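Engineer: Enclosed is the structure file my_file28.tsv (TSV, C-alpha atoms).
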chain	number	residue	atom	x	y	z
G	1	MET	CA	10.67	68.95	-75.13
G	2	LEU	CA	9.26	70.73	-78.17
G	3	GLU	CA	8.32	67.39	-79.71
G	4	VAL	CA	5.81	66.68	-76.93
G	5	CYS	CA	4.38	70.21	-76.91
G	6	SER	CA	1.40	71.37	-78.99
G	7	GLY	CA	1.48	74.97	-77.81
G	8	ALA	CA	3.51	77.62	-76.02
G	9	GLU	CA	2.29	80.08	-73.43
G	10	SER	CA	3.29	83.71	-73.97
G	11	SER	CA	4.12	86.19	-71.21
G	12	GLU	CA	0.56	87.55	-71.48
G	13	GLY	CA	-0.92	84.09	-70.88
G	14	ALA	CA	-2.02	83.44	-74.43
G	15	VAL	CA	-1.35	79.96	-75.85
G	16	LEU	CA	0.24	79.95	-79.30
G	17	LYS	CA	0.63	77.01	-81.63
G	18	ILE	CA	4.06	75.42	-81.21
G	19	GLU	CA	4.67	75.41	-84.97
G	20	SER	CA	4.51	79.19	-85.11
G	21	ILE	CA	7.05	79.77	-82.37
G	22	SER	CA	9.29	76.67	-82.34
G	23	GLU	CA	12.00	78.28	-84.49
G	24	ASP	CA	12.13	81.29	-82.14
G	25	LEU	CA	12.36	78.97	-79.13
G	26	LEU	CA	15.18	76.99	-80.72
G	27	GLN	CA	17.03	80.18	-81.59
G	28	ARG	CA	16.60	81.42	-78.02
G	29	TYR	CA	17.90	78.09	-76.71
G	30	GLN	CA	20.95	78.24	-79.00
G	31	ASP	CA	21.69	81.84	-78.03
G	32	LEU	CA	21.60	81.01	-74.31
G	33	SER	CA	23.73	77.88	-74.82
G	34	ALA	CA	26.26	79.78	-76.91
G	35	ARG	CA	26.66	82.21	-74.01
G	36	GLY	CA	27.53	79.28	-71.73
G	37	TYR	CA	24.18	78.93	-69.95
G	38	ARG	CA	22.82	75.51	-69.14
G	39	THR	CA	19.25	75.71	-70.39
G	40	LEU	CA	16.27	73.52	-69.52
G	41	GLY	CA	12.83	73.70	-71.08
G	42	VAL	CA	9.70	73.65	-68.88
G	43	ALA	CA	6.27	72.48	-70.09
G	44	TYR	CA	3.02	71.54	-68.39
G	45	ARG	CA	-0.24	69.76	-68.92
G	46	ARG	CA	-3.30	69.84	-66.71
G	47	VAL	CA	-4.45	66.40	-65.57
G	48	HIS	CA	-7.11	65.23	-63.14
G	49	ALA	CA	-4.94	62.73	-61.24
G	50	VAL	CA	-1.18	62.46	-61.19
G	51	SER	CA	-1.30	58.70	-60.83
G	52	THR	CA	-2.98	58.34	-64.22
G	53	ILE	CA	-0.06	59.94	-66.16
G	54	SER	CA	1.90	57.57	-68.37
G	55	GLN	CA	4.76	58.10	-70.77
G	56	ALA	CA	2.40	57.69	-73.69
G	57	GLU	CA	0.33	60.58	-72.40
G	58	GLU	CA	3.29	62.99	-72.32
G	59	THR	CA	1.99	64.76	-75.41
G	60	GLY	CA	-0.05	67.84	-76.09
G	61	MET	CA	1.85	69.77	-73.45
G	62	THR	CA	2.21	73.54	-73.27
G	63	PHE	CA	5.72	75.01	-73.36
G	64	LEU	CA	6.10	77.47	-70.50
G	65	GLY	CA	9.66	78.78	-70.68
G	66	PHE	CA	13.32	78.23	-69.88
G	67	LEU	CA	15.28	77.56	-66.70
G	68	VAL	CA	18.73	79.08	-67.19
G	69	PHE	CA	21.75	78.17	-65.05
G	70	HIS	CA	25.13	79.83	-65.07
G	71	ASP	CA	28.10	77.73	-63.94
G	72	PRO	CA	31.26	79.68	-64.85
G	73	PRO	CA	34.75	78.14	-64.70
G	74	LYS	CA	36.59	78.68	-61.46
G	75	PRO	CA	38.69	81.87	-61.50
G	76	GLY	CA	42.35	81.21	-62.23
G	77	ILE	CA	41.75	77.86	-63.91
G	78	ILE	CA	43.62	78.78	-67.10
G	79	GLU	CA	47.03	79.00	-65.41
G	80	PRO	CA	47.11	75.45	-63.97
G	81	LEU	CA	45.70	74.06	-67.22
G	82	ASP	CA	48.46	75.83	-69.11
G	83	GLN	CA	51.07	74.43	-66.73
G	84	LEU	CA	49.68	70.92	-67.21
G	85	HIS	CA	49.89	71.40	-70.97
G	86	ARG	CA	53.54	72.45	-70.70
G	87	LEU	CA	54.15	69.30	-68.66
G	88	GLY	CA	52.82	67.20	-71.53
G	89	VAL	CA	49.44	66.48	-69.95
G	90	SER	CA	46.58	66.62	-72.47
G	91	LEU	CA	43.20	67.88	-71.27
G	92	LYS	CA	39.98	66.15	-72.31
G	93	VAL	CA	36.61	67.50	-71.16
G	94	MET	CA	33.66	65.11	-70.84
G	95	THR	CA	30.32	66.71	-70.05
G	96	GLY	CA	26.62	66.07	-70.33
G	97	ASP	CA	26.06	69.65	-71.45
G	98	ASN	CA	25.17	70.34	-75.06
G	99	ARG	CA	27.68	71.10	-77.78
G	100	LEU	CA	27.20	74.87	-77.66
G	101	VAL	CA	27.75	75.11	-73.91
G	102	ALA	CA	30.83	72.88	-74.22
G	103	ALA	CA	32.24	75.08	-76.99
G	104	THR	CA	31.79	78.22	-74.88
G	105	LEU	CA	33.41	76.48	-71.92
G	106	SER	CA	36.38	75.46	-74.05
G	107	GLU	CA	37.02	79.08	-75.02
G	108	LYS	CA	36.87	80.20	-71.40
G	109	ILE	CA	39.44	77.63	-70.29
G	110	GLY	CA	41.89	78.37	-73.09
G	111	LEU	CA	40.82	75.88	-75.79
G	112	PRO	CA	39.43	78.18	-78.50
G	113	GLU	CA	39.84	75.68	-81.35
G	114	ALA	CA	38.83	72.54	-79.50
G	115	ARG	CA	37.47	69.60	-81.49
G	116	ILE	CA	34.10	68.55	-80.07
G	117	VAL	CA	32.36	65.20	-80.44
G	118	THR	CA	28.87	64.54	-79.09
G	119	GLY	CA	27.44	61.44	-77.48
G	120	ARG	CA	25.32	60.81	-80.56
G	121	GLU	CA	28.45	60.78	-82.72
G	122	LEU	CA	30.17	58.45	-80.25
G	123	ARG	CA	27.37	55.92	-80.61
G	124	SER	CA	28.06	55.70	-84.33
G	125	MET	CA	31.82	55.13	-83.83
G	126	SER	CA	33.32	51.68	-83.43
G	127	ASP	CA	35.74	51.00	-80.59
G	128	GLU	CA	38.62	50.75	-83.08
G	129	ALA	CA	37.74	54.06	-84.71
G	130	LEU	CA	37.39	55.76	-81.33
G	131	ALA	CA	40.76	54.43	-80.12
G	132	HIS	CA	42.38	55.72	-83.32
G	133	ASP	CA	40.82	59.19	-83.14
G	134	VAL	CA	40.39	59.79	-79.41
G	135	GLY	CA	43.73	61.55	-79.02
G	136	ASN	CA	42.66	64.29	-81.43
G	137	ILE	CA	39.36	65.05	-79.68
G	138	ASP	CA	39.37	67.73	-76.98
G	139	ILE	CA	35.76	67.80	-75.72
G	140	PHE	CA	33.09	65.13	-75.49
G	141	ALA	CA	29.69	66.79	-75.10
G	142	GLU	CA	26.22	65.37	-74.43
G	143	VAL	CA	27.79	62.13	-73.19
G	144	GLU	CA	26.25	59.49	-70.97
G	145	PRO	CA	28.07	57.89	-68.00
G	146	ASN	CA	28.86	54.69	-69.92
G	147	GLN	CA	30.30	56.78	-72.76
G	148	LYS	CA	32.73	58.44	-70.34
G	149	GLU	CA	34.03	55.02	-69.41
G	150	ARG	CA	34.24	54.08	-73.10
G	151	VAL	CA	36.33	57.16	-73.89
G	152	ILE	CA	38.73	56.37	-71.03
G	153	LEU	CA	39.14	52.77	-72.19
G	154	ALA	CA	39.81	54.04	-75.73
G	155	LEU	CA	42.51	56.39	-74.42
G	156	LYS	CA	44.16	53.55	-72.52
G	157	LYS	CA	43.95	51.27	-75.56
G	158	SER	CA	45.72	53.90	-77.66
G	159	GLY	CA	48.65	53.91	-75.21
G	160	HIS	CA	47.82	56.81	-72.90
G	161	VAL	CA	47.99	56.86	-69.11
G	162	VAL	CA	44.67	58.35	-68.06
G	163	GLY	CA	43.67	60.34	-65.01
G	164	TYR	CA	39.99	61.21	-64.59
G	165	MET	CA	38.56	63.84	-62.27
G	166	GLY	CA	34.89	63.74	-61.28
G	167	ASP	CA	32.63	64.35	-58.30
G	168	GLY	CA	29.21	62.95	-59.23
G	169	ILE	CA	27.42	59.61	-59.11
G	170	ASN	CA	27.63	59.42	-62.91
G	171	ASP	CA	31.44	59.62	-62.68
G	172	ALA	CA	31.88	56.42	-60.65
G	173	SER	CA	32.41	54.05	-63.59
G	174	ALA	CA	34.84	56.45	-65.27
G	175	LEU	CA	36.80	56.86	-62.04
G	176	HIS	CA	37.11	53.06	-61.82
G	177	ALA	CA	38.22	52.74	-65.45
G	178	ALA	CA	40.94	55.42	-65.28
G	179	ASP	CA	44.53	54.63	-64.30
G	180	VAL	CA	44.20	57.33	-61.63
G	181	GLY	CA	40.76	58.37	-60.41
G	182	ILE	CA	40.66	61.81	-58.79
G	183	SER	CA	37.80	63.33	-56.81
G	184	VAL	CA	37.31	66.16	-54.31
G	185	ASP	CA	36.31	66.30	-50.69
G	186	GLY	CA	32.90	67.75	-51.54
G	187	ALA	CA	32.04	64.96	-53.98
G	188	VAL	CA	29.36	62.35	-53.42
G	189	ASP	CA	30.45	59.31	-51.41
G	190	VAL	CA	30.28	57.00	-54.43
G	191	ALA	CA	32.74	59.16	-56.35
G	192	LYS	CA	35.13	59.44	-53.40
G	193	ASP	CA	35.03	55.68	-52.85
G	194	ALA	CA	35.78	55.03	-56.52
G	195	ALA	CA	38.65	57.54	-56.67
G	196	ASP	CA	42.31	56.77	-55.95
G	197	ILE	CA	43.00	60.33	-54.82
G	198	VAL	CA	40.65	62.75	-53.05
G	199	LEU	CA	41.66	66.42	-53.14
G	200	LEU	CA	40.80	68.32	-49.97
G	201	GLU	CA	40.48	71.53	-51.98
G	202	LYS	CA	39.07	72.19	-55.45
G	203	ASP	CA	42.34	73.50	-56.81
G	204	LEU	CA	43.95	72.19	-60.00
G	205	ASN	CA	47.31	73.50	-58.80
G	206	ALA	CA	47.35	70.42	-56.59
G	207	LEU	CA	47.38	68.31	-59.76
G	208	VAL	CA	50.24	70.35	-61.20
G	209	ASN	CA	52.25	69.87	-58.02
G	210	GLY	CA	51.34	66.19	-57.95
G	211	VAL	CA	52.58	65.66	-61.51
G	212	ARG	CA	55.85	67.41	-60.73
G	213	GLU	CA	56.41	65.50	-57.48
G	214	GLY	CA	55.53	62.23	-59.17
G	215	ARG	CA	58.02	62.78	-61.97
G	216	GLU	CA	60.73	63.81	-59.53
G	217	THR	CA	60.09	60.65	-57.53
G	218	PHE	CA	60.15	58.53	-60.69
G	219	ALA	CA	63.41	60.14	-61.86
G	220	ASN	CA	65.10	59.64	-58.48
G	221	THR	CA	63.85	56.06	-58.27
G	222	LEU	CA	65.33	55.39	-61.69
G	223	LYS	CA	68.65	56.89	-60.56
G	224	TYR	CA	68.78	54.47	-57.63
G	225	VAL	CA	67.96	51.51	-59.86
G	226	PHE	CA	70.70	52.55	-62.29
G	227	MET	CA	73.27	52.82	-59.52
G	228	ALA	CA	72.35	49.62	-57.71
G	229	THR	CA	72.08	47.38	-60.78
G	230	SER	CA	75.19	48.65	-62.56
G	231	ALA	CA	77.31	48.52	-59.38
G	232	ASN	CA	76.21	45.00	-58.43
G	233	PHE	CA	76.59	43.77	-62.00
G	234	GLY	CA	80.13	45.19	-62.21
G	235	ASN	CA	81.18	43.95	-58.77
G	236	MET	CA	80.01	40.45	-59.62
G	237	PHE	CA	82.30	40.29	-62.66
G	238	SER	CA	85.19	41.90	-60.83
G	239	MET	CA	85.01	39.56	-57.85
G	240	ALA	CA	84.59	36.48	-60.01
G	241	GLY	CA	87.43	37.50	-62.32
G	242	ALA	CA	89.81	38.33	-59.50
G	243	SER	CA	89.14	34.98	-57.84
G	244	LEU	CA	90.36	33.15	-60.96
G	245	PHE	CA	93.97	34.31	-60.77
G	246	LEU	CA	94.55	35.55	-57.20
G	247	PRO	CA	95.93	33.05	-54.66
G	248	PHE	CA	93.83	34.74	-51.94
G	249	LEU	CA	90.34	36.13	-51.50
G	250	PRO	CA	90.10	39.58	-53.18
G	251	LEU	CA	88.14	40.87	-50.17
G	252	LEU	CA	87.20	39.35	-46.84
G	253	PRO	CA	83.46	38.85	-46.11
G	254	LYS	CA	83.47	41.63	-43.50
G	255	GLN	CA	85.17	43.95	-45.97
G	256	ILE	CA	82.48	43.21	-48.58
G	257	LEU	CA	79.75	43.98	-46.03
G	258	LEU	CA	81.45	47.24	-45.09
G	259	MET	CA	81.80	48.12	-48.78
G	260	ASN	CA	78.08	47.57	-49.33
G	261	LEU	CA	77.26	49.77	-46.34
G	262	LEU	CA	79.50	52.65	-47.41
G	263	THR	CA	78.40	52.59	-51.06
G	264	ASP	CA	74.74	52.48	-50.03
G	265	LEU	CA	74.98	55.65	-47.96
G	266	PRO	CA	75.15	58.10	-50.90
G	267	GLU	CA	72.53	56.09	-52.79
G	268	MET	CA	70.12	56.27	-49.84
G	269	THR	CA	70.05	60.06	-50.15
G	270	ILE	CA	68.98	60.01	-53.80
G	271	ALA	CA	65.34	60.48	-52.76
G	272	SER	CA	66.23	64.07	-51.77
G	273	ASP	CA	68.25	64.78	-54.91
G	274	THR	CA	67.40	67.59	-57.31
G	275	VAL	CA	66.06	66.60	-60.74
G	276	ASP	CA	67.03	68.12	-64.08
G	277	PRO	CA	64.17	70.11	-65.69
G	278	GLU	CA	63.99	67.93	-68.82
G	279	LEU	CA	63.14	64.91	-66.65
G	280	ILE	CA	60.03	66.74	-65.42
G	281	ASP	CA	58.91	68.45	-68.63
G	282	ARG	CA	57.36	65.35	-70.17
G	283	PRO	CA	56.00	62.02	-68.95
G	284	ARG	CA	58.25	58.96	-68.94
G	285	ARG	CA	57.61	55.25	-68.61
G	286	TRP	CA	59.26	52.35	-66.87
G	287	ASN	CA	61.45	50.52	-69.40
G	288	ILE	CA	63.14	47.30	-68.32
G	289	ARG	CA	65.11	47.04	-71.54
G	290	TYR	CA	66.50	50.53	-71.03
G	291	ILE	CA	67.53	49.67	-67.45
G	292	ARG	CA	69.15	46.44	-68.61
G	293	ASN	CA	71.22	48.24	-71.24
G	294	PHE	CA	72.31	50.84	-68.69
G	295	MET	CA	73.27	48.13	-66.21
G	296	ILE	CA	75.37	46.29	-68.77
G	297	SER	CA	77.08	49.43	-70.10
G	298	PHE	CA	78.11	50.88	-66.75
G	299	GLY	CA	78.62	47.48	-65.09
G	300	ILE	CA	81.19	46.53	-67.72
G	301	LEU	CA	82.84	49.94	-67.37
G	302	SER	CA	83.12	49.41	-63.61
G	303	SER	CA	84.69	45.98	-64.10
G	304	VAL	CA	87.18	47.31	-66.65
G	305	PHE	CA	88.52	49.84	-64.16
G	306	ASP	CA	88.52	47.21	-61.41
G	307	PHE	CA	90.79	45.06	-63.56
G	308	ILE	CA	92.95	48.08	-64.29
G	309	THR	CA	93.24	48.50	-60.52
G	310	PHE	CA	94.23	44.83	-60.18
G	311	GLY	CA	96.94	45.28	-62.78
G	312	VAL	CA	98.33	48.39	-61.10
G	313	LEU	CA	98.41	46.70	-57.70
G	314	ILE	CA	99.89	43.38	-58.81
G	315	PHE	CA	102.28	44.27	-61.61
G	316	LEU	CA	103.19	47.88	-60.89
G	317	LEU	CA	103.11	48.09	-57.09
G	318	GLN	CA	103.52	44.35	-56.34
G	319	ALA	CA	101.12	44.75	-53.41
G	320	GLY	CA	100.82	42.17	-50.66
G	321	THR	CA	97.52	40.59	-49.60
G	322	ASP	CA	96.48	43.26	-47.07
G	323	GLN	CA	97.68	46.08	-49.27
G	324	PHE	CA	95.76	44.68	-52.24
G	325	ARG	CA	92.53	44.35	-50.25
G	326	THR	CA	92.90	47.80	-48.70
G	327	ALA	CA	93.74	49.55	-51.97
G	328	TRP	CA	90.94	47.85	-53.94
G	329	PHE	CA	88.50	48.59	-51.14
G	330	VAL	CA	89.45	52.28	-51.25
G	331	GLU	CA	89.19	52.40	-55.06
G	332	SER	CA	85.86	50.51	-55.17
G	333	VAL	CA	84.08	52.55	-52.53
G	334	LEU	CA	85.48	55.86	-53.72
G	335	SER	CA	84.56	55.19	-57.36
G	336	ALA	CA	81.09	53.91	-56.42
G	337	SER	CA	80.49	57.04	-54.35
G	338	MET	CA	81.75	59.41	-57.04
G	339	ILE	CA	79.78	57.67	-59.76
G	340	VAL	CA	76.59	58.63	-57.92
G	341	LEU	CA	77.27	62.24	-58.92
G	342	VAL	CA	77.82	61.17	-62.53
G	343	ILE	CA	74.84	58.84	-63.01
G	344	ARG	CA	72.32	61.13	-61.30
G	345	THR	CA	72.19	63.48	-64.32
G	346	ARG	CA	72.32	63.26	-68.10
G	347	HIS	CA	74.44	66.42	-68.18
G	348	PRO	CA	78.14	66.58	-67.29
G	349	PHE	CA	78.12	66.14	-63.52
G	350	PHE	CA	79.71	69.55	-62.91
G	351	ARG	CA	76.82	71.28	-64.77
G	352	SER	CA	74.02	69.74	-62.72
G	353	ARG	CA	73.94	70.71	-59.08
G	354	PRO	CA	73.17	67.72	-56.84
G	355	GLY	CA	71.01	67.87	-53.75
G	356	ARG	CA	72.67	68.50	-50.42
G	357	GLY	CA	72.09	64.93	-49.29
G	358	PRO	CA	73.96	63.12	-52.10
G	359	LEU	CA	76.71	65.75	-52.24
G	360	TRP	CA	77.59	65.89	-48.55
G	361	THR	CA	77.15	62.15	-48.02
G	362	THR	CA	79.51	61.40	-50.91
G	363	LEU	CA	82.12	63.80	-49.55
G	364	ALA	CA	81.76	62.38	-46.03
G	365	VAL	CA	82.20	58.81	-47.28
G	366	ALA	CA	85.28	59.82	-49.28
G	367	VAL	CA	86.93	61.51	-46.28
G	368	CYS	CA	86.18	58.62	-43.93
G	369	LEU	CA	87.34	56.11	-46.51
G	370	LEU	CA	90.72	57.75	-47.07
G	371	ALA	CA	91.28	58.10	-43.33
G	372	MET	CA	90.13	54.59	-42.36
G	373	PRO	CA	93.39	52.69	-43.14
G	374	TYR	CA	95.23	54.98	-40.71
G	375	THR	CA	92.82	54.55	-37.78
G	376	PRO	CA	92.42	51.78	-35.17
G	377	VAL	CA	89.30	50.63	-37.06
G	378	ALA	CA	91.55	49.35	-39.86
G	379	ALA	CA	92.76	46.37	-37.84
G	380	VAL	CA	89.21	45.28	-37.08
G	381	PHE	CA	88.42	44.95	-40.80
G	382	GLY	CA	91.80	43.62	-41.89
G	383	PHE	CA	93.08	46.81	-43.53
G	384	THR	CA	96.59	48.20	-43.47
G	385	ALA	CA	98.08	51.67	-43.87
G	386	LEU	CA	98.88	52.46	-47.49
G	387	PRO	CA	101.92	54.33	-48.78
G	388	ALA	CA	101.25	57.65	-50.49
G	389	ALA	CA	101.96	56.13	-53.91
G	390	TYR	CA	99.08	53.68	-53.46
G	391	ILE	CA	96.64	56.45	-52.57
G	392	LEU	CA	97.74	58.64	-55.46
G	393	LEU	CA	97.43	55.82	-58.00
G	394	MET	CA	94.01	54.81	-56.68
G	395	LEU	CA	92.85	58.42	-56.94
G	396	LEU	CA	94.19	58.54	-60.49
G	397	VAL	CA	92.21	55.40	-61.39
G	398	VAL	CA	89.07	56.99	-59.93
G	399	VAL	CA	89.62	60.17	-61.95
G	400	PHE	CA	89.91	58.20	-65.19
G	401	TYR	CA	86.89	56.14	-64.16
G	402	VAL	CA	84.79	59.29	-63.77
G	403	ILE	CA	86.01	60.53	-67.16
G	404	GLY	CA	85.15	57.17	-68.71
G	405	ALA	CA	81.72	57.21	-67.08
G	406	GLU	CA	81.02	60.66	-68.48
G	407	ALA	CA	82.00	59.50	-71.97
G	408	THR	CA	79.92	56.33	-71.67
G	409	LYS	CA	76.95	58.33	-70.41
G	410	ARG	CA	77.15	60.74	-73.33
G	411	ILE	CA	77.22	57.90	-75.87
G	412	PHE	CA	74.47	55.98	-74.09
G	413	TYR	CA	71.98	58.88	-73.96
G	414	ARG	CA	72.78	59.85	-77.52
G	415	LYS	CA	71.52	56.44	-78.67
G	416	VAL	CA	68.66	56.09	-76.22
G	417	ASN	CA	65.74	58.45	-75.70
G	418	LEU	CA	63.51	57.91	-72.63
Please rewrite the model in this file as structure tokens.
Structural biologist:
Amino acid sequence: MLEVCSGAESSEGAVLKIESISEDLLQRYQDLSARGYRTLGVAYRRVHAVSTISQAEETGMTFLGFLVFHDPPKPGIIEPLDQLHRLGVSLKVMTGDNRLVAATLSEKIGLPEARIVTGRELRSMSDEALAHDVGNIDIFAEVEPNQKERVILALKKSGHVVGYMGDGINDASALHAADVGISVDGAVDVAKDAADIVLLEKDLNALVNGVREGRETFANTLKYVFMATSANFGNMFSMAGASLFLPFLPLLPKQILLMNLLTDLPEMTIASDTVDPELIDRPRRWNIRYIRNFMISFGILSSVFDFITFGVLIFLLQAGTDQFRTAWFVESVLSASMIVLVIRTRHPFFRSRPGRGPLWTTLAVAVCLLAMPYTPVAAVFGFTALPAAYILLMLLVVVFYVIGAEATKRIFYRKVNL
């Protein structure tokens, strides 16, 4: 603005040469910006006809004064930002305001030592340099809409999952580029259309709650995948191995279907399970290799105890066909139900309180399972009543299986960090 002005009008109406007052005007502008005010300069030039004005004629203007706007941070914003920081979420501010206003804003929102980069500095940085350094920059000031998108792409290239929150037309491209675009109900239509999530209230606590709920959902989903893959992997080996040396089917088809139903019941309640705090404190990623290793480790453990059960039934108890099927069915379902309580946490299962759903469903399945061979339903599925020795030995196998699972879990998580 000062570059196109030849003079400045004082409060008394006198016109002073711009050279004599430009330093005072710049100092006034810096003082206002440093106090967090958005400051615009106003200048005028008298012309005979508006239609004759061209960009080349925007010279020789008279500086009139400042328009000063105050847009303070929303009260209470520091607390949700602090909670997001404790959850491992890094905050980056991108604004068109000048560097001084951005610095004042950073202090007000709890970033007193923020590193600030301007749009002019961004233009001189290559994409590779930006991707390397973007994680260490807190505030991007004086940026253009395309530079916001460039910063987001650099964050994604450097391995970050990026959420962007904006409510203006200039935010549309950045909202598209982000992994999760977030806008508010009062935003312009373009921003709301580009966003993945639209907040009905301008409250960052909604983001904090969303991060927590998302991580709980991810953790519980991972629990279910662990249980389902390891159980199916183990059962496949057990069934195939038993078929090699048994003169009869290890389980009838209807017994296998019933087993799947009973073992799925506790797993279906995992969505309502409680989650250990360390699984929420920092972000985690989907890792197929990690899941595969878990499946193999616990699947093999399951098969080992299945074969131990076979040995007990055949060589120690000399069980008949129906007794074998009934006893293995009881051991398989009971161990699969109990292992839900073990796998659901990295801690010893007795130190992590499960949700009511998994706990009560597991107990209900166990009670029904132990009672089933002694009810009229047993004949329908081909089961037979078991002597007390069978039940006691199967319970003993399950106890050692739980102990083995706890030991395997401790070794597994000691070697793997997710």
Engineer: Return the single residue from G:Met165, G:Asn170, G:Val330, G:Ala271 that is closest to Ile182 in chain G, with distances computed using only C-alpha atoms.
Structural biologist: G:Met165
Engineer: State, in Å with one decimal place, the distance from CA of Met372 in chain G to CA of Asp306 in chain G.
Structural biologist: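 According to the coordinates, CA of Met372 in chain G and CA of Asp306 in chain G are separated by 20.5 Å.
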Engineer: Which one of G:Pro145, G:Gly65, G:Gly135, G:Pro72 sits closest to Lys157 in chain G if you count only C-alpha atoms?
Structural biologist: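 Answer, going by the shortest atom-to-atom distance: G:Gly135.
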Engineer: Would you mind telling me which residue in G:Ser297, G:Ala364, G:Asp133, G:Thr269 lies nearest to Ile411 in chain G when using all atoms listed in the file?
Structural biologist: G:Ser297
Engineer: For CA of Lys148 in chain G and CA of Met94 in chain G, determine how far apart the two atoms are, in Å to one decimal place.
Structural biologist: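 CA of Met94 in chain G lies at a distance of 6.8 Å from CA of Lys148 in chain G.
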Engineer: Set the distance at 12 Å and use all atoms listed in the file: which residues neighbour Phe400 in chain G once local chain neighbours fewer than 6 positions away are removed? I'd like the list as a PDB file with C-alpha atoms, in the frame of the given file.
Structural biologist:
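Below is the file that was written, selection.pdb:
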ATOM      1  CA  LEU G 301      82.840  49.940 -67.370  1.00  0.00           C
ATOM      2  CA  SER G 302      83.120  49.410 -63.610  1.00  0.00           C
ATOM      3  CA  VAL G 304      87.180  47.310 -66.650  1.00  0.00           C
ATOM      4  CA  PHE G 305      88.520  49.840 -64.160  1.00  0.00           C
ATOM      5  CA  ASP G 306      88.520  47.210 -61.410  1.00  0.00           C
ATOM      6  CA  ILE G 308      92.950  48.080 -64.290  1.00  0.00           C
ATOM      7  CA  THR G 309      93.240  48.500 -60.520  1.00  0.00           C
ATOM      8  CA  GLU G 331      89.190  52.400 -55.060  1.00  0.00           C
ATOM      9  CA  SER G 335      84.560  55.190 -57.360  1.00  0.00           C
ATOM     10  CA  MET G 338      81.750  59.410 -57.040  1.00  0.00           C
ATOM     11  CA  ILE G 339      79.780  57.670 -59.760  1.00  0.00           C
ATOM     12  CA  LEU G 393      97.430  55.820 -58.000  1.00  0.00           C
ATOM     13  CA  MET G 394      94.010  54.810 -56.680  1.00  0.00           C
ATOM     14  CA  GLU G 406      81.020  60.660 -68.480  1.00  0.00           C
ATOM     15  CA  ALA G 407      82.000  59.500 -71.970  1.00  0.00           C
TER      16      ALA G 407
END
Engineer: In Å, with one decimal, what is the gap from CA of Thr118 in chain G to CA of Ile139 in chain G?
Structural biologist: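 Computing it gives 8.3 Å between the two atoms.
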Engineer: Tell me which protein, DNA and RNA residues are within 12 Å of range 27-43 of chain G, counting all atoms listed in the file, leaving out same-chain ones fewer than 5 positions away, and put them as a VMD selection string.
Structural biologist: chain G and resid 1 to 9 18 21 to 22 58 to 73 95 to 108 142
Engineer: For Lys74 in chain G, which residue out of G:Leu251, G:Leu204, G:Val180, G:Val312 is the nearest one, using all atoms listed in the file?
Structural biologist: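 Answer, going by the shortest atom-to-atom distance: G:Leu204.
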Engineer: Skip Ala195 in chain G itself and residues of its chain fewer than 5 positions away, then list as number ranges by chain all residues within 6 Å of it, counting only C-alpha atoms.
Structural biologist: G: 175, 181-183
Engineer: Neighbouring residues of Tyr290 in chain G were defined as those with any atom within 12 Å, considering all atoms listed in the file; residues of the same chain fewer than 5 positions away were excluded. Please report them as a PyMOL selection string.
Structural biologist: chain G and resi 222+225-226+284-285+295-297+412-413+415-418
Engineer: Using all atoms listed in the file, determine which residues lie at most 10 Å from Tyr374 in chain G, disregarding the query and same-chain residues fewer than 3 positions distant; provide the list as a PDB file with C-alpha atoms, in the frame of the given file.
Structural biologist:
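Just written: result37.pdb:
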ATOM      1  CA  LEU G 369      87.340  56.110 -46.510  1.00  0.00           C
ATOM      2  CA  LEU G 370      90.720  57.750 -47.070  1.00  0.00           C
ATOM      3  CA  ALA G 371      91.280  58.100 -43.330  1.00  0.00           C
ATOM      4  CA  VAL G 377      89.300  50.630 -37.060  1.00  0.00           C
ATOM      5  CA  ALA G 378      91.550  49.350 -39.860  1.00  0.00           C
ATOM      6  CA  ALA G 379      92.760  46.370 -37.840  1.00  0.00           C
ATOM      7  CA  PHE G 383      93.080  46.810 -43.530  1.00  0.00           C
ATOM      8  CA  THR G 384      96.590  48.200 -43.470  1.00  0.00           C
ATOM      9  CA  ALA G 385      98.080  51.670 -43.870  1.00  0.00           C
ATOM     10  CA  LEU G 386      98.880  52.460 -47.490  1.00  0.00           C
TER      11      LEU G 386
END
Engineer: Which of these, G:Ala194, G:Leu279, G:Ala336, G:Phe245, has the shortest distance to Leu261 in chain G once you count only C-alpha atoms?
Structural biologist: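 Looking only at the distances to Leu261 in chain G, the closest residue turns out to be G:Ala336.
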Engineer: Taking into account only C-alpha atoms, which residue in the set G:Asp167, G:Asp196, G:Asp82, G:Glu267 is nearest to Ser337 in chain G?
Structural biologist: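 Checking each of G:Asp167, G:Asp196, G:Asp82, G:Glu267 against Ser337 in chain G, counting only C-alpha atoms, the winner is G:Glu267.
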Engineer: Export C-alpha atoms of range 323-335 of chain G from the structure just given, as a CSV table (one decimal), in the first residue's frame?
Structural biologist:
chain,number,residue,atom,x,y,z
G,323,GLN,CA,-17.3,-88.7,24.5
G,324,PHE,CA,-14.4,-87.4,22.4
G,325,ARG,CA,-16.6,-85.1,20.4
G,326,THR,CA,-18.4,-83.8,23.5
G,327,ALA,CA,-15.2,-83.2,25.5
G,328,TRP,CA,-13.3,-81.5,22.7
G,329,PHE,CA,-16.3,-79.4,22.0
G,330,VAL,CA,-16.5,-78.3,25.6
G,331,GLU,CA,-12.7,-77.6,25.7
G,332,SER,CA,-12.7,-75.7,22.4
G,333,VAL,CA,-15.6,-73.4,23.1
G,334,LEU,CA,-14.6,-72.8,26.7
G,335,SER,CA,-11.0,-72.0,25.8
